[in-house]
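Structure data follow from final_8.pdb (PDB, C-alpha atoms, pLDDT in the B column):
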ATOM      1  CA  MET A   1       0.000   0.000   0.000  1.00 66.00           C
ATOM      2  CA  ARG A   2       1.258   3.476  -0.795  1.00 72.00           C
ATOM      3  CA  THR A   3       2.246   5.965   1.869  1.00 82.00           C
ATOM      4  CA  LEU A   4      -0.898   7.262   3.516  1.00 91.00           C
ATOM      5  CA  GLU A   5      -0.133  10.969   3.398  1.00 93.00           C
ATOM      6  CA  LYS A   6      -3.154  12.269   5.332  1.00 94.00           C
ATOM      7  CA  ILE A   7      -2.581   9.747   8.093  1.00 95.00           C
ATOM      8  CA  ASP A   8       1.130  10.618   8.210  1.00 95.00           C
ATOM      9  CA  GLU A   9       0.219  14.299   8.407  1.00 96.00           C
ATOM     10  CA  PHE A  10      -2.128  13.540  11.312  1.00 97.00           C
ATOM     11  CA  ARG A  11       0.704  11.603  13.001  1.00 96.00           C
ATOM     12  CA  ARG A  12       2.901  14.713  12.848  1.00 96.00           C
ATOM     13  CA  GLU A  13       0.275  17.390  13.562  1.00 96.00           C
ATOM     14  CA  ALA A  14      -1.652  15.688  16.373  1.00 96.00           C
ATOM     15  CA  LYS A  15       1.279  14.070  18.140  1.00 93.00           C
ATOM     16  CA  ASN A  16       0.222  15.018  21.689  1.00 92.00           C
ATOM     17  CA  ALA A  17      -3.493  15.528  21.163  1.00 96.00           C
ATOM     18  CA  VAL A  18      -6.260  13.839  23.141  1.00 96.00           C
ATOM     19  CA  PHE A  19      -9.815  13.331  21.943  1.00 95.00           C
ATOM     20  CA  THR A  20     -13.248  12.424  23.208  1.00 92.00           C
ATOM     21  CA  LYS A  21     -14.669   9.160  21.932  1.00 89.00           C
ATOM     22  CA  GLN A  22     -16.928  10.994  19.507  1.00 90.00           C
ATOM     23  CA  GLN A  23     -14.035  13.062  18.186  1.00 94.00           C
ATOM     24  CA  ALA A  24     -11.828   9.982  17.818  1.00 94.00           C
ATOM     25  CA  VAL A  25     -14.444   8.128  15.776  1.00 93.00           C
ATOM     26  CA  ALA A  26     -15.081  11.162  13.558  1.00 95.00           C
ATOM     27  CA  ILE A  27     -11.370  11.763  12.990  1.00 96.00           C
ATOM     28  CA  THR A  28     -10.760   8.095  12.185  1.00 96.00           C
ATOM     29  CA  MET A  29     -13.539   8.086   9.597  1.00 96.00           C
ATOM     30  CA  ASN A  30     -12.380  11.381   8.101  1.00 97.00           C
ATOM     31  CA  LEU A  31      -8.789  10.179   7.787  1.00 97.00           C
ATOM     32  CA  LEU A  32      -9.834   6.943   6.091  1.00 96.00           C
ATOM     33  CA  ASP A  33     -12.136   8.863   3.757  1.00 96.00           C
ATOM     34  CA  ALA A  34      -9.412  11.384   2.871  1.00 96.00           C
ATOM     35  CA  GLU A  35      -7.072   8.532   1.968  1.00 95.00           C
ATOM     36  CA  ARG A  36      -9.822   6.778   0.000  1.00 95.00           C
ATOM     37  CA  ARG A  37     -10.392   9.900  -2.111  1.00 94.00           C
ATOM     38  CA  CYS A  38      -6.711  10.129  -3.110  1.00 93.00           C
ATOM     39  CA  GLN A  39      -6.320  10.050  -6.883  1.00 91.00           C
ATOM     40  CA  GLN A  40      -3.133   7.958  -6.637  1.00 91.00           C
ATOM     41  CA  ASN A  41      -4.890   4.919  -5.164  1.00 92.00           C
ATOM     42  CA  THR A  42      -4.875   1.642  -6.989  1.00 92.00           C
ATOM     43  CA  ASP A  43      -8.133  -0.311  -7.244  1.00 93.00           C
ATOM     44  CA  GLU A  44      -6.888  -2.589  -4.452  1.00 94.00           C
ATOM     45  CA  GLU A  45      -6.079   0.366  -2.185  1.00 94.00           C
ATOM     46  CA  ASN A  46      -9.555   1.790  -2.799  1.00 93.00           C
ATOM     47  CA  ARG A  47     -11.069  -1.577  -1.916  1.00 95.00           C
ATOM     48  CA  ILE A  48      -9.065  -1.822   1.314  1.00 95.00           C
ATOM     49  CA  LEU A  49      -9.881   1.742   2.388  1.00 95.00           C
ATOM     50  CA  THR A  50     -13.580   1.386   1.544  1.00 95.00           C
ATOM     51  CA  ASP A  51     -13.716  -1.909   3.432  1.00 96.00           C
ATOM     52  CA  ALA A  52     -11.936  -0.293   6.400  1.00 96.00           C
ATOM     53  CA  MET A  53     -14.503   2.501   6.525  1.00 95.00           C
ATOM     54  CA  GLN A  54     -17.310  -0.051   6.602  1.00 95.00           C
ATOM     55  CA  ARG A  55     -15.631  -2.268   9.205  1.00 94.00           C
ATOM     56  CA  ILE A  56     -14.302   0.261  11.679  1.00 92.00           C
ATOM     57  CA  THR A  57     -16.087   0.100  14.994  1.00 87.00           C
ATOM     58  CA  PHE A  58     -15.402   1.789  18.264  1.00 84.00           C
ATOM     59  CA  GLN A  59     -13.811  -1.422  19.557  1.00 86.00           C
ATOM     60  CA  TYR A  60     -10.787  -0.694  17.359  1.00 90.00           C
ATOM     61  CA  LEU A  61     -10.278   2.501  19.362  1.00 88.00           C
ATOM     62  CA  ASP A  62     -11.184   1.447  22.887  1.00 84.00           C
ATOM     63  CA  GLU A  63     -12.478  -1.758  24.432  1.00 80.00           C
ATOM     64  CA  THR A  64     -12.853  -0.370  27.947  1.00 78.00           C
ATOM     65  CA  ALA A  65     -16.288  -0.895  29.481  1.00 79.00           C
ATOM     66  CA  SER A  66     -15.855  -0.230  33.187  1.00 88.00           C
ATOM     67  CA  GLU A  67     -18.006   1.934  35.460  1.00 93.00           C
ATOM     68  CA  THR A  68     -15.257   4.549  35.434  1.00 92.00           C
ATOM     69  CA  ASP A  69     -15.223   4.468  31.635  1.00 88.00           C
ATOM     70  CA  GLU A  70     -18.962   5.107  31.593  1.00 88.00           C
ATOM     71  CA  LEU A  71     -18.572   7.947  34.093  1.00 91.00           C
ATOM     72  CA  LEU A  72     -15.878   9.578  31.973  1.00 90.00           C
ATOM     73  CA  ASP A  73     -18.081   9.149  28.888  1.00 87.00           C
ATOM     74  CA  ARG A  74     -21.008  10.880  30.595  1.00 89.00           C
ATOM     75  CA  PHE A  75     -18.785  13.885  31.211  1.00 93.00           C
ATOM     76  CA  ASN A  76     -17.334  13.684  27.692  1.00 91.00           C
ATOM     77  CA  VAL A  77     -13.747  13.480  28.979  1.00 93.00           C
ATOM     78  CA  ALA A  78     -11.088  13.563  26.267  1.00 93.00           C
ATOM     79  CA  ARG A  79      -8.751  10.640  26.842  1.00 93.00           C
ATOM     80  CA  LEU A  80      -8.092   8.876  23.550  1.00 93.00           C
ATOM     81  CA  THR A  81      -4.737   9.807  22.082  1.00 95.00           C
ATOM     82  CA  SER A  82      -3.673  10.321  18.507  1.00 96.00           C
ATOM     83  CA  GLU A  83      -1.684   7.094  18.956  1.00 95.00           C
ATOM     84  CA  ASP A  84      -4.935   5.254  19.807  1.00 94.00           C
ATOM     85  CA  ILE A  85      -6.423   6.501  16.537  1.00 96.00           C
ATOM     86  CA  LEU A  86      -3.337   5.517  14.535  1.00 96.00           C
ATOM     87  CA  LYS A  87      -3.308   2.032  16.082  1.00 95.00           C
ATOM     88  CA  ALA A  88      -6.991   1.596  15.254  1.00 96.00           C
ATOM     89  CA  ILE A  89      -6.381   2.605  11.639  1.00 96.00           C
ATOM     90  CA  ASP A  90      -3.416   0.226  11.371  1.00 95.00           C
ATOM     91  CA  SER A  91      -5.486  -2.607  12.835  1.00 95.00           C
ATOM     92  CA  VAL A  92      -8.500  -2.130  10.606  1.00 96.00           C
ATOM     93  CA  LEU A  93      -6.329  -1.782   7.486  1.00 95.00           C
ATOM     94  CA  PHE A  94      -4.496  -4.971   8.432  1.00 95.00           C
ATOM     95  CA  ASP A  95      -7.807  -6.769   8.901  1.00 94.00           C
ATOM     96  CA  CYS A  96      -8.983  -5.572   5.480  1.00 94.00           C
ATOM     97  CA  LYS A  97      -5.896  -6.764   3.624  1.00 89.00           C
TER      98      LYS A  97
END

Written form, C-alpha cells:
Amino acid sequence: MRTLEKIDEFRREAKNAVFTKQQAVAITMNLLDAERRCQQNTDEENRILTDAMQRITFQYLDETASETDELLDRFNVARLTSEDILKAIDSVLFDCK
C-alpha cells in the first residue's frame, strides 16, 4: 500500500493531542475517507480503504467498558490519544488486507 499521506500528516500534527470518543471516531472516519479519495490509489487500495470505513467500529479505538469508563463518557472526557487513533487505523487496514 502506498504511503498514507493524510494519516502521516495527522501523526505529525496531532502528536500530543487527546480526543473524546466521539471526536476519535469522527477523525478516524475522516482520515480513512481522505485517503480513499486520493487520486493515486490503486483499485486494491480503494477496496481496502472502503472496506476499512465499513468495518471500523469503536472497539478498534477502545475496548474499555468499566463503570469509570462510563462515568468519563457521561462527562465527555477527552482521553483517547492520537496514537490510539493511529493504532486503530493500522489494525483495521491490516484486517482488510

Can you tell me, as a count of residues only, what residues are no more than 12 Å from Phe10 (chain A) when counting all atoms listed in the file, ignoring any on the same chain fewer than 3 positions away? 22

Interatomic distance (Å, one decimal) between CA of Phe75 (chain A) and CA of Arg11 (chain A): 26.8 Å

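Compared by their closest atoms to Arg79 (chain A), and using all atoms listed in the file, the residues A:Thr3, A:Ala52, A:Ala24, A:Leu93 rank with A:Ala24 nearest.
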
Coordinates-based distance that separates CA of Asn46 (chain A) from CA of Asp33 (chain A) (Å, one decimal):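 Here the two named atoms are 10.0 Å from each other.
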
Select, from A:Glu67, A:Asp62, A:Asp8, A:Asp73, the residue with the minimum atom-to-atom distance to Thr20 (chain A), counting all atoms listed in the file. A:Asp73

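The residue that comes closest to Asp51 (chain A), out of A:Val18, A:Thr68, A:Met29, A:Lys87 and on the basis of all atoms listed in the file, is A:Met29.
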
Could you add the missing atoms to region 36-50 of chain A, up to N, CA and C atoms, and return them as a compact mmCIF listing (two decimals), in the frame of the given file?
# COMPACT_ATOMS: atom_id res chain seq x y z
N ARG A 36 -9.04 7.46 1.04
CA ARG A 36 -9.82 6.78 0.00
C ARG A 36 -10.04 7.67 -1.22
N ARG A 37 -10.15 8.96 -1.01
CA ARG A 37 -10.39 9.90 -2.11
C ARG A 37 -9.13 10.28 -2.88
N CYS A 38 -7.97 9.80 -2.45
CA CYS A 38 -6.71 10.13 -3.11
C CYS A 38 -6.69 9.57 -4.53
N GLN A 39 -6.34 10.42 -5.46
CA GLN A 39 -6.32 10.05 -6.88
C GLN A 39 -5.25 9.01 -7.22
N GLN A 40 -4.24 8.87 -6.37
CA GLN A 40 -3.13 7.96 -6.64
C GLN A 40 -3.42 6.52 -6.23
N ASN A 41 -4.56 6.27 -5.63
CA ASN A 41 -4.89 4.92 -5.16
C ASN A 41 -5.03 3.95 -6.32
N THR A 42 -4.58 2.73 -6.07
CA THR A 42 -4.88 1.64 -6.99
C THR A 42 -6.28 1.14 -6.66
N ASP A 43 -6.82 0.28 -7.52
CA ASP A 43 -8.13 -0.31 -7.24
C ASP A 43 -8.10 -1.10 -5.93
N GLU A 44 -7.01 -1.80 -5.68
CA GLU A 44 -6.89 -2.59 -4.45
C GLU A 44 -6.84 -1.68 -3.22
N GLU A 45 -6.13 -0.58 -3.30
CA GLU A 45 -6.08 0.37 -2.18
C GLU A 45 -7.46 0.95 -1.91
N ASN A 46 -8.18 1.29 -2.97
CA ASN A 46 -9.56 1.79 -2.80
C ASN A 46 -10.43 0.75 -2.13
N ARG A 47 -10.28 -0.50 -2.51
CA ARG A 47 -11.07 -1.58 -1.92
C ARG A 47 -10.76 -1.69 -0.43
N ILE A 48 -9.48 -1.68 -0.08
CA ILE A 48 -9.06 -1.82 1.31
C ILE A 48 -9.59 -0.65 2.14
N LEU A 49 -9.44 0.56 1.65
CA LEU A 49 -9.88 1.74 2.39
C LEU A 49 -11.40 1.80 2.53
N THR A 50 -12.12 1.43 1.48
CA THR A 50 -13.58 1.39 1.54
C THR A 50 -14.03 0.32 2.54
